[in-house]
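What follows is one structure encoded as structure tokens, with my remarks underneath.
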Protein chains: 2
Amino acid sequence: MTGERILVVDDEAAICRALSAGLKARGYDVATAATGTEALAEAAGTSPAVVILDLGLPDIDGIEVCRRLRQWSDVPVIVLTAEGGDERKVLALDEGADDYVTKPFSMPELLARVRVALRHHAMRPTGPDDAVLEVGDVRIDLGSRSVEVGGRAVDLTPKEFGFLALLARYPGRVLTHRAILQEVWGPGYGTETHYLRVYANQIRNKLDDDREAPRLVSDAGVGYRLVARGVT
Amino acid sequence: MTGERILVVDDEAAICRALSAGLKARGYDVATAATGTEALAEAAGTSPAVVILDLGLPDIDGIEVCRRLRQWSDVPVIVLTAEGGDERKVLALDEGADDYVTKPFSMPELLARVRVALRHHAMRPTGPDDAVLEVGDVRIDLGSRSVEVGGRAVDLTPKEFGFLALLARYPGRVLTHRAILQEVWGPGYGTETHYLRVYANQIRNKLDDDREAPRLVSDAGVGYRLVARGVT
DNA sequence: GGCCGTCTTTACGGATTCTTGATGCCGGAG
DNA sequence: CTCCGGCATCAAGAATCCGTAAAGACGGCC
């Protein structure tokens, strides 16, 4: 098969089959998973271009799957579920899902949404799922959520890691206060720029950053960016 | 603090109002348009971060609006409509829409989808925020917010950078005092032309500009413009 | 219940940036 | 020639932003 790889996650075999058939007919390469753990393993192993995810999984909650996926990958996730509750919907979207379709769904529509997801995927910043980011001597492993600088392991808290990993995805580029807050802390944050000062400081301490030429640069009134050591 | 700008396009005033209220309550900056031509003009003029588009417009078909928008902009478009037909849905998504919500819709869900759109837009590599502008020997990197003239790095304050970057976006063209003030200082400013003299002077100093043939030219009584060195 | 790591909040000093006022220059209008 | 408006320049006070430390709040874990 030459098409993009799509991972279908659903515990009902009938739906899995129906989706697979429809997707394969359009030339996609389909993999399936029936449980959350299976889905995460599959995603890590085969790095699909799109994930179609049912929320009603037997082992892990679907939203939790989405959250874990987002920790190391930005593969587009289309949630597909029977539950119609607003809350779940909003939660899923805020936790990293890119789209949300309720059953019963129409196959043409789903296919169109898959195409949208692939379109987004195609114009992504860093190449295909890079689980390890490197900026200068800072090495960030998104899979194991570990960081080392110059070979020395550094232990960061979740928020610190999110902050640093976000900046590392766009090396040298300024990310605004607002963008960082909304991505790391979640929507609804956007004005608490004070958190950023506290965390930037903590990160600089842990990275053993030079105060005169820090790797984590702050642009007054705008935001922060991460640069290789010694570079502007 | 003013949030992201969102353009709402709908010919029913009631819906427009409802959407505006909900969005403004979340801190967004909302513009509205009731027709397709209006929408396209508004989008070109104010470059919103997201467009919410009703398909049932009086003049141009919504999908056509979407298509034309895509010819020069990659702003996320969320289609919002009463029509439930699959074909229209698929067509809209394939013509560049990023999401499709059918009425009646739930406000929390729509807001969540707006957040998804903003997330995508913010993380875009080659957005309008990533260009490198060059005017003569002045090089302006909008991504890292750095400036260099003739290879020498120049460090500007946020307002100085905003001033210079704005002029550089329209090389050789005059921007009026009012236009510059409103763009860099924000709406509500427009008469404080004195700021411009101070900042124009500071910028000229930092660029090491020749007083006889400055790169940053002031047109008496009108405004300022940026030209390549030695050119009128 | 007590312990511990993490997140949130408060406080303050110092540096940068923005604003504002004063002064001098120049060219055009009266 | 003199006055006046717009511009350039300088300088100082005000406001803002950043860095830093440390204490309180919260939640998970034993």
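Chain labels follow the order of the structure tokens: the first chain is A, the next B, and so on; residue numbering restarts at 1 in every chain, and ligands are counted from 1 in their shown order.
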Report chain B as a PDB file with C-alpha atoms, in the first residue's frame in the frame of chain A, after least-squares superposition over all C-alpha atoms paired in order.
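Everything below was put into out-v3.pdb:
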```
ATOM      1  CA  MET B   1       7.024   1.681  25.437  1.00  0.00           C
ATOM      2  CA  THR B   2       4.063   3.943  24.906  1.00  0.00           C
ATOM      3  CA  GLY B   3       2.662   4.043  21.377  1.00  0.00           C
ATOM      4  CA  GLU B   4       0.985   6.768  19.397  1.00  0.00           C
ATOM      5  CA  ARG B   5      -1.880   8.566  21.008  1.00  0.00           C
ATOM      6  CA  ILE B   6      -5.283   7.991  19.418  1.00  0.00           C
ATOM      7  CA  LEU B   7      -8.408   9.937  20.256  1.00  0.00           C
ATOM      8  CA  VAL B   8     -11.681   8.017  20.023  1.00  0.00           C
ATOM      9  CA  VAL B   9     -14.815  10.156  19.834  1.00  0.00           C
ATOM     10  CA  ASP B  10     -18.135   8.372  20.266  1.00  0.00           C
ATOM     11  CA  ASP B  11     -21.132   8.912  22.481  1.00  0.00           C
ATOM     12  CA  GLU B  12     -21.958   5.249  22.834  1.00  0.00           C
ATOM     13  CA  ALA B  13     -19.938   3.899  25.704  1.00  0.00           C
ATOM     14  CA  ALA B  14     -20.024   0.380  24.329  1.00  0.00           C
ATOM     15  CA  ILE B  15     -18.364   1.328  21.082  1.00  0.00           C
ATOM     16  CA  CYS B  16     -15.841   3.463  22.880  1.00  0.00           C
ATOM     17  CA  ARG B  17     -14.885   0.535  25.040  1.00  0.00           C
ATOM     18  CA  ALA B  18     -14.625  -1.869  22.142  1.00  0.00           C
ATOM     19  CA  LEU B  19     -12.431   0.490  20.168  1.00  0.00           C
ATOM     20  CA  SER B  20     -10.258   1.312  23.135  1.00  0.00           C
ATOM     21  CA  ALA B  21      -9.678  -2.331  23.877  1.00  0.00           C
ATOM     22  CA  GLY B  22      -8.773  -3.175  20.317  1.00  0.00           C
ATOM     23  CA  LEU B  23      -6.454  -0.221  19.976  1.00  0.00           C
ATOM     24  CA  LYS B  24      -4.779  -0.681  23.326  1.00  0.00           C
ATOM     25  CA  ALA B  25      -4.159  -4.314  22.497  1.00  0.00           C
ATOM     26  CA  ARG B  26      -2.101  -3.070  19.555  1.00  0.00           C
ATOM     27  CA  GLY B  27      -0.049  -0.878  21.826  1.00  0.00           C
ATOM     28  CA  TYR B  28      -1.674   2.460  21.153  1.00  0.00           C
ATOM     29  CA  ASP B  29      -2.331   5.033  23.797  1.00  0.00           C
ATOM     30  CA  VAL B  30      -6.058   5.769  23.753  1.00  0.00           C
ATOM     31  CA  ALA B  31      -8.018   8.799  24.911  1.00  0.00           C
ATOM     32  CA  THR B  32     -11.780   9.046  24.585  1.00  0.00           C
ATOM     33  CA  ALA B  33     -14.378  11.785  24.285  1.00  0.00           C
ATOM     34  CA  ALA B  34     -18.156  11.505  24.243  1.00  0.00           C
ATOM     35  CA  THR B  35     -19.087  14.918  22.912  1.00  0.00           C
ATOM     36  CA  GLY B  36     -17.841  17.316  20.279  1.00  0.00           C
ATOM     37  CA  THR B  37     -16.652  19.961  22.686  1.00  0.00           C
ATOM     38  CA  GLU B  38     -14.876  17.353  24.728  1.00  0.00           C
ATOM     39  CA  ALA B  39     -13.232  16.029  21.576  1.00  0.00           C
ATOM     40  CA  LEU B  40     -11.975  19.437  20.496  1.00  0.00           C
ATOM     41  CA  ALA B  41     -10.610  20.169  23.947  1.00  0.00           C
ATOM     42  CA  GLU B  42      -8.935  16.802  24.145  1.00  0.00           C
ATOM     43  CA  ALA B  43      -7.415  17.166  20.694  1.00  0.00           C
ATOM     44  CA  ALA B  44      -6.025  20.581  21.565  1.00  0.00           C
ATOM     45  CA  GLY B  45      -4.651  19.382  24.856  1.00  0.00           C
ATOM     46  CA  THR B  46      -3.067  16.063  24.024  1.00  0.00           C
ATOM     47  CA  SER B  47      -2.473  16.434  20.273  1.00  0.00           C
ATOM     48  CA  PRO B  48      -3.260  12.869  19.255  1.00  0.00           C
ATOM     49  CA  ALA B  49      -1.689  11.230  16.217  1.00  0.00           C
ATOM     50  CA  VAL B  50      -5.054  10.105  14.864  1.00  0.00           C
ATOM     51  CA  VAL B  51      -8.697  10.929  15.600  1.00  0.00           C
ATOM     52  CA  ILE B  52     -11.465   8.374  15.158  1.00  0.00           C
ATOM     53  CA  LEU B  53     -14.690  10.319  14.973  1.00  0.00           C
ATOM     54  CA  ASP B  54     -18.311   9.255  15.151  1.00  0.00           C
ATOM     55  CA  LEU B  55     -20.635  11.639  13.342  1.00  0.00           C
ATOM     56  CA  GLY B  56     -23.591  11.162  15.666  1.00  0.00           C
ATOM     57  CA  LEU B  57     -22.614  13.303  18.588  1.00  0.00           C
ATOM     58  CA  PRO B  58     -25.087  14.840  21.028  1.00  0.00           C
ATOM     59  CA  ASP B  59     -23.864  18.423  20.970  1.00  0.00           C
ATOM     60  CA  ILE B  60     -21.995  19.439  17.827  1.00  0.00           C
ATOM     61  CA  ASP B  61     -22.420  17.788  14.449  1.00  0.00           C
ATOM     62  CA  GLY B  62     -19.507  15.508  13.637  1.00  0.00           C
ATOM     63  CA  ILE B  63     -18.719  17.275  10.413  1.00  0.00           C
ATOM     64  CA  GLU B  64     -18.564  20.555  12.251  1.00  0.00           C
ATOM     65  CA  VAL B  65     -16.089  19.000  14.666  1.00  0.00           C
ATOM     66  CA  CYS B  66     -14.000  17.932  11.729  1.00  0.00           C
ATOM     67  CA  ARG B  67     -14.106  21.393  10.220  1.00  0.00           C
ATOM     68  CA  ARG B  68     -13.064  23.089  13.418  1.00  0.00           C
ATOM     69  CA  LEU B  69     -10.273  20.605  13.925  1.00  0.00           C
ATOM     70  CA  ARG B  70      -8.948  21.406  10.476  1.00  0.00           C
ATOM     71  CA  GLN B  71      -8.697  25.069  11.287  1.00  0.00           C
ATOM     72  CA  TRP B  72      -5.628  24.525  13.367  1.00  0.00           C
ATOM     73  CA  SER B  73      -4.574  20.912  13.036  1.00  0.00           C
ATOM     74  CA  ASP B  74      -3.865  18.469  10.250  1.00  0.00           C
ATOM     75  CA  VAL B  75      -4.222  15.383  12.388  1.00  0.00           C
ATOM     76  CA  PRO B  76      -5.671  12.497  10.344  1.00  0.00           C
ATOM     77  CA  VAL B  77      -9.387  12.017  10.997  1.00  0.00           C
ATOM     78  CA  ILE B  78     -11.117   8.691  10.412  1.00  0.00           C
ATOM     79  CA  VAL B  79     -14.874   9.089  10.415  1.00  0.00           C
ATOM     80  CA  LEU B  80     -16.782   6.135  11.764  1.00  0.00           C
ATOM     81  CA  THR B  81     -20.521   6.147  11.504  1.00  0.00           C
ATOM     82  CA  ALA B  82     -23.747   4.242  11.038  1.00  0.00           C
ATOM     83  CA  GLU B  83     -25.158   6.651   8.515  1.00  0.00           C
ATOM     84  CA  GLY B  84     -24.772   5.364   4.998  1.00  0.00           C
ATOM     85  CA  GLY B  85     -25.846   8.421   3.075  1.00  0.00           C
ATOM     86  CA  ASP B  86     -23.633   9.416   0.211  1.00  0.00           C
ATOM     87  CA  GLU B  87     -24.024  13.085   0.811  1.00  0.00           C
ATOM     88  CA  ARG B  88     -22.797  12.972   4.367  1.00  0.00           C
ATOM     89  CA  LYS B  89     -19.931  10.819   3.290  1.00  0.00           C
ATOM     90  CA  VAL B  90     -18.818  13.170   0.559  1.00  0.00           C
ATOM     91  CA  LEU B  91     -19.320  16.156   2.788  1.00  0.00           C
ATOM     92  CA  ALA B  92     -17.230  14.679   5.576  1.00  0.00           C
ATOM     93  CA  LEU B  93     -14.391  13.786   3.232  1.00  0.00           C
ATOM     94  CA  ASP B  94     -14.440  17.215   1.645  1.00  0.00           C
ATOM     95  CA  GLU B  95     -14.476  18.897   5.020  1.00  0.00           C
ATOM     96  CA  GLY B  96     -11.182  17.392   5.951  1.00  0.00           C
ATOM     97  CA  ALA B  97     -11.813  13.802   6.985  1.00  0.00           C
ATOM     98  CA  ASP B  98      -9.178  11.439   5.656  1.00  0.00           C
ATOM     99  CA  ASP B  99     -11.168   8.244   5.723  1.00  0.00           C
ATOM    100  CA  TYR B 100     -14.726   7.096   6.237  1.00  0.00           C
ATOM    101  CA  VAL B 101     -15.764   3.719   7.635  1.00  0.00           C
ATOM    102  CA  THR B 102     -19.401   2.659   8.053  1.00  0.00           C
ATOM    103  CA  LYS B 103     -20.667   0.527  10.894  1.00  0.00           C
ATOM    104  CA  PRO B 104     -20.706  -2.316  11.314  1.00  0.00           C
ATOM    105  CA  PHE B 105     -16.988  -2.264  10.792  1.00  0.00           C
ATOM    106  CA  SER B 106     -14.346  -4.915  11.151  1.00  0.00           C
ATOM    107  CA  MET B 107     -11.695  -4.263  13.735  1.00  0.00           C
ATOM    108  CA  PRO B 108      -8.801  -5.550  11.628  1.00  0.00           C
ATOM    109  CA  GLU B 109      -9.817  -3.238   8.835  1.00  0.00           C
ATOM    110  CA  LEU B 110     -10.095  -0.264  11.119  1.00  0.00           C
ATOM    111  CA  LEU B 111      -6.689  -1.010  12.554  1.00  0.00           C
ATOM    112  CA  ALA B 112      -5.253  -1.193   9.061  1.00  0.00           C
ATOM    113  CA  ARG B 113      -6.794   2.167   8.236  1.00  0.00           C
ATOM    114  CA  VAL B 114      -5.335   3.611  11.401  1.00  0.00           C
ATOM    115  CA  ARG B 115      -1.949   2.391  10.268  1.00  0.00           C
ATOM    116  CA  VAL B 116      -2.462   4.091   6.911  1.00  0.00           C
ATOM    117  CA  ALA B 117      -3.332   7.316   8.689  1.00  0.00           C
ATOM    118  CA  LEU B 118      -0.256   7.056  10.879  1.00  0.00           C
ATOM    119  CA  ARG B 119       1.871   6.406   7.824  1.00  0.00           C
ATOM    120  CA  HIS B 120       0.597   9.571   6.219  1.00  0.00           C
ATOM    121  CA  HIS B 121       1.032  11.566   9.364  1.00  0.00           C
ATOM    122  CA  ALA B 122       4.533  10.324  10.058  1.00  0.00           C
ATOM    123  CA  MET B 123       5.701  11.166   6.581  1.00  0.00           C
ATOM    124  CA  ARG B 124       4.390  14.689   6.698  1.00  0.00           C
ATOM    125  CA  PRO B 125       6.947  17.342   5.808  1.00  0.00           C
ATOM    126  CA  THR B 126       5.625  20.297   7.735  1.00  0.00           C
ATOM    127  CA  GLY B 127       4.135  18.655  10.745  1.00  0.00           C
ATOM    128  CA  PRO B 128       4.450  20.021  14.216  1.00  0.00           C
ATOM    129  CA  ASP B 129       7.718  18.116  14.252  1.00  0.00           C
ATOM    130  CA  ASP B 130       9.377  20.188  11.609  1.00  0.00           C
ATOM    131  CA  ALA B 131       9.311  23.682  12.981  1.00  0.00           C
ATOM    132  CA  VAL B 132      12.366  25.703  13.857  1.00  0.00           C
ATOM    133  CA  LEU B 133      12.041  27.485  17.156  1.00  0.00           C
ATOM    134  CA  GLU B 134      13.993  30.606  17.944  1.00  0.00           C
ATOM    135  CA  VAL B 135      14.293  32.323  21.276  1.00  0.00           C
ATOM    136  CA  GLY B 136      16.808  35.129  21.197  1.00  0.00           C
ATOM    137  CA  ASP B 137      20.033  33.674  19.833  1.00  0.00           C
ATOM    138  CA  VAL B 138      19.019  30.089  20.551  1.00  0.00           C
ATOM    139  CA  ARG B 139      17.899  28.195  17.461  1.00  0.00           C
ATOM    140  CA  ILE B 140      16.221  24.805  17.818  1.00  0.00           C
ATOM    141  CA  ASP B 141      15.535  22.625  14.781  1.00  0.00           C
ATOM    142  CA  LEU B 142      12.999  20.023  15.778  1.00  0.00           C
ATOM    143  CA  GLY B 143      13.416  18.123  12.516  1.00  0.00           C
ATOM    144  CA  SER B 144      17.095  17.368  12.841  1.00  0.00           C
ATOM    145  CA  ARG B 145      17.034  17.758  16.618  1.00  0.00           C
ATOM    146  CA  SER B 146      19.929  20.182  16.473  1.00  0.00           C
ATOM    147  CA  VAL B 147      20.526  23.265  18.554  1.00  0.00           C
ATOM    148  CA  GLU B 148      22.751  26.230  18.009  1.00  0.00           C
ATOM    149  CA  VAL B 149      23.327  29.348  20.024  1.00  0.00           C
ATOM    150  CA  GLY B 150      24.763  32.377  18.245  1.00  0.00           C
ATOM    151  CA  GLY B 151      25.763  30.178  15.281  1.00  0.00           C
ATOM    152  CA  ARG B 152      27.677  27.695  17.444  1.00  0.00           C
ATOM    153  CA  ALA B 153      26.324  24.142  17.320  1.00  0.00           C
ATOM    154  CA  VAL B 154      25.508  22.641  20.701  1.00  0.00           C
ATOM    155  CA  ASP B 155      25.126  18.946  21.252  1.00  0.00           C
ATOM    156  CA  LEU B 156      22.481  17.931  23.744  1.00  0.00           C
ATOM    157  CA  THR B 157      21.380  14.589  25.133  1.00  0.00           C
ATOM    158  CA  PRO B 158      17.796  13.476  24.456  1.00  0.00           C
ATOM    159  CA  LYS B 159      16.471  14.612  27.815  1.00  0.00           C
ATOM    160  CA  GLU B 160      18.315  17.892  27.611  1.00  0.00           C
ATOM    161  CA  PHE B 161      16.877  18.476  24.172  1.00  0.00           C
ATOM    162  CA  GLY B 162      13.384  17.595  25.296  1.00  0.00           C
ATOM    163  CA  PHE B 163      13.664  19.979  28.218  1.00  0.00           C
ATOM    164  CA  LEU B 164      14.928  22.868  26.127  1.00  0.00           C
ATOM    165  CA  ALA B 165      12.562  22.271  23.219  1.00  0.00           C
ATOM    166  CA  LEU B 166       9.600  22.184  25.539  1.00  0.00           C
ATOM    167  CA  LEU B 167      10.515  25.515  27.082  1.00  0.00           C
ATOM    168  CA  ALA B 168      11.187  26.990  23.662  1.00  0.00           C
ATOM    169  CA  ARG B 169       7.686  26.135  22.551  1.00  0.00           C
ATOM    170  CA  TYR B 170       6.384  28.589  25.137  1.00  0.00           C
ATOM    171  CA  PRO B 171       8.953  31.370  25.093  1.00  0.00           C
ATOM    172  CA  GLY B 172       8.953  33.521  28.179  1.00  0.00           C
ATOM    173  CA  ARG B 173       6.266  31.490  29.866  1.00  0.00           C
ATOM    174  CA  VAL B 174       6.798  29.551  33.033  1.00  0.00           C
ATOM    175  CA  LEU B 175       6.310  25.797  32.896  1.00  0.00           C
ATOM    176  CA  THR B 176       5.833  24.104  36.217  1.00  0.00           C
ATOM    177  CA  HIS B 177       8.155  21.417  37.476  1.00  0.00           C
ATOM    178  CA  ARG B 178       5.409  18.890  37.179  1.00  0.00           C
ATOM    179  CA  ALA B 179       4.540  19.838  33.612  1.00  0.00           C
ATOM    180  CA  ILE B 180       8.127  19.563  32.466  1.00  0.00           C
ATOM    181  CA  LEU B 181       8.692  16.247  34.177  1.00  0.00           C
ATOM    182  CA  GLN B 182       5.564  14.712  32.766  1.00  0.00           C
ATOM    183  CA  GLU B 183       6.256  15.915  29.254  1.00  0.00           C
ATOM    184  CA  VAL B 184       9.943  15.065  29.063  1.00  0.00           C
ATOM    185  CA  TRP B 185      10.308  12.135  31.440  1.00  0.00           C
ATOM    186  CA  GLY B 186       6.843  10.760  30.903  1.00  0.00           C
ATOM    187  CA  PRO B 187       3.739  10.281  32.947  1.00  0.00           C
ATOM    188  CA  GLY B 188       4.529   8.820  36.333  1.00  0.00           C
ATOM    189  CA  TYR B 189       7.188  11.397  36.998  1.00  0.00           C
ATOM    190  CA  GLY B 190       6.135  14.615  38.657  1.00  0.00           C
ATOM    191  CA  THR B 191       7.934  14.915  41.956  1.00  0.00           C
ATOM    192  CA  GLU B 192      11.540  14.348  40.986  1.00  0.00           C
ATOM    193  CA  THR B 193      12.275  18.049  40.822  1.00  0.00           C
ATOM    194  CA  HIS B 194      15.870  17.265  41.474  1.00  0.00           C
ATOM    195  CA  TYR B 195      16.319  16.035  37.893  1.00  0.00           C
ATOM    196  CA  LEU B 196      15.334  19.464  36.708  1.00  0.00           C
ATOM    197  CA  ARG B 197      18.053  21.177  38.690  1.00  0.00           C
ATOM    198  CA  VAL B 198      20.656  18.824  37.336  1.00  0.00           C
ATOM    199  CA  TYR B 199      19.511  19.182  33.753  1.00  0.00           C
ATOM    200  CA  ALA B 200      18.880  22.908  33.935  1.00  0.00           C
ATOM    201  CA  ASN B 201      22.431  23.242  35.099  1.00  0.00           C
ATOM    202  CA  GLN B 202      23.820  21.053  32.316  1.00  0.00           C
ATOM    203  CA  ILE B 203      21.864  22.979  29.722  1.00  0.00           C
ATOM    204  CA  ARG B 204      23.072  26.296  31.047  1.00  0.00           C
ATOM    205  CA  ASN B 205      26.619  25.028  30.862  1.00  0.00           C
ATOM    206  CA  LYS B 206      26.234  23.869  27.271  1.00  0.00           C
ATOM    207  CA  LEU B 207      24.501  27.090  26.238  1.00  0.00           C
ATOM    208  CA  ASP B 208      27.304  28.986  27.958  1.00  0.00           C
ATOM    209  CA  ASP B 209      24.693  30.836  29.918  1.00  0.00           C
ATOM    210  CA  ASP B 210      25.473  33.879  32.012  1.00  0.00           C
ATOM    211  CA  ARG B 211      24.801  33.094  35.655  1.00  0.00           C
ATOM    212  CA  GLU B 212      23.616  36.618  36.380  1.00  0.00           C
ATOM    213  CA  ALA B 213      21.151  36.866  33.500  1.00  0.00           C
ATOM    214  CA  PRO B 214      20.541  33.335  32.322  1.00  0.00           C
ATOM    215  CA  ARG B 215      18.437  32.450  29.303  1.00  0.00           C
ATOM    216  CA  LEU B 216      17.092  29.521  31.245  1.00  0.00           C
ATOM    217  CA  VAL B 217      15.467  31.184  34.234  1.00  0.00           C
ATOM    218  CA  SER B 218      14.294  29.335  37.307  1.00  0.00           C
ATOM    219  CA  ASP B 219      11.330  30.660  39.194  1.00  0.00           C
ATOM    220  CA  ALA B 220      11.697  29.495  42.746  1.00  0.00           C
ATOM    221  CA  GLY B 221       9.029  27.089  43.817  1.00  0.00           C
ATOM    222  CA  VAL B 222       7.267  27.170  40.457  1.00  0.00           C
ATOM    223  CA  GLY B 223       9.246  26.067  37.456  1.00  0.00           C
ATOM    224  CA  TYR B 224      11.462  27.188  34.594  1.00  0.00           C
ATOM    225  CA  ARG B 225      11.193  29.418  31.564  1.00  0.00           C
ATOM    226  CA  LEU B 226      13.314  30.329  28.583  1.00  0.00           C
ATOM    227  CA  VAL B 227      13.852  33.965  27.658  1.00  0.00           C
ATOM    228  CA  ALA B 228      15.891  35.836  25.076  1.00  0.00           C
ATOM    229  CA  ARG B 229      19.227  36.989  26.378  1.00  0.00           C
ATOM    230  CA  GLY B 230      19.124  40.154  28.413  1.00  0.00           C
ATOM    231  CA  VAL B 231      15.353  40.096  28.798  1.00  0.00           C
ATOM    232  CA  THR B 232      13.599  39.510  32.086  1.00  0.00           C
TER     233      THR B 232
END
```
### Query
Taking only C-alpha atoms (C1' of nucleotides) into account, what are the residues of chain C at most 12 Å from chain A, put as a list in words?
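Those within range of chain A come out as DG5, DT6, DC7, DT8, DT9, DT10, DA15, DT16, DT17 and DC18 of chain C.
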Using only C-alpha atoms (C1' of nucleotides), find each residue in chain D having at least one atom no more than 8 Å away from chain A; report its shortest atom-to-atom pair and that distance in Å (one decimal), rows by chain then rising number, as CSV.
```
residue,atom,partner,partner_atom,distance
D:DC17,C1',A:Ala220,CA,6.7
D:DC18,C1',A:Arg197,CA,7.1
D:DG19,C1',A:Asn201,CA,7.1
D:DT20,C1',A:Asn201,CA,7.9
```
Next, dump the selected residues to file, keeping only C-alpha atoms (C1' of nucleotides), as a PDB file, in the first residue's frame.
```
ATOM      1  C1'  DC D  17       8.470  44.014  32.712  1.00  0.00           C
ATOM      2  C1'  DC D  18      11.726  40.592  34.234  1.00  0.00           C
ATOM      3  C1'  DG D  19      14.312  37.763  37.757  1.00  0.00           C
ATOM      4  C1'  DT D  20      14.462  35.895  42.128  1.00  0.00           C
TER       5       DT D  20
END
```
### Query
Mind checking DSSP for segment 34-201 of chain A and telling me the helix (DSSP H, G or I) residues as a PyMOL selection string?
chain A and resi 36-46+62-72+86-94+107-122+158-169+177-185+193-201
### Message
Between atom C1' of DG14 of chain C and atom C1' of DA11 of chain D, what is the distance in Å, rounded to a tenth?
### Response
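Value for the atom C1' of DG14 of chain C-atom C1' of DA11 of chain D distance: 20.7 Å.
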### Message
If we count only C-alpha atoms (C1' of nucleotides) and set the cut-off at 12 Å, which residues sit around DC3 of chain C, ignoring sequence neighbours fewer than 5 positions away in its own chain? Please answer as a VMD selection string.
### Response
chain D and resid 27 to 30
### Message
If you run DSSP on the backbone here, which positions in segment 4-219 of chain B get strand (DSSP E)? Please write them as a VMD selection string.
### Response
chain B and resid 5 to 9 29 to 33 50 to 54 77 to 81 99 to 102 132 to 135 138 to 141 146 to 149 152 to 154 175 to 176 216 to 219
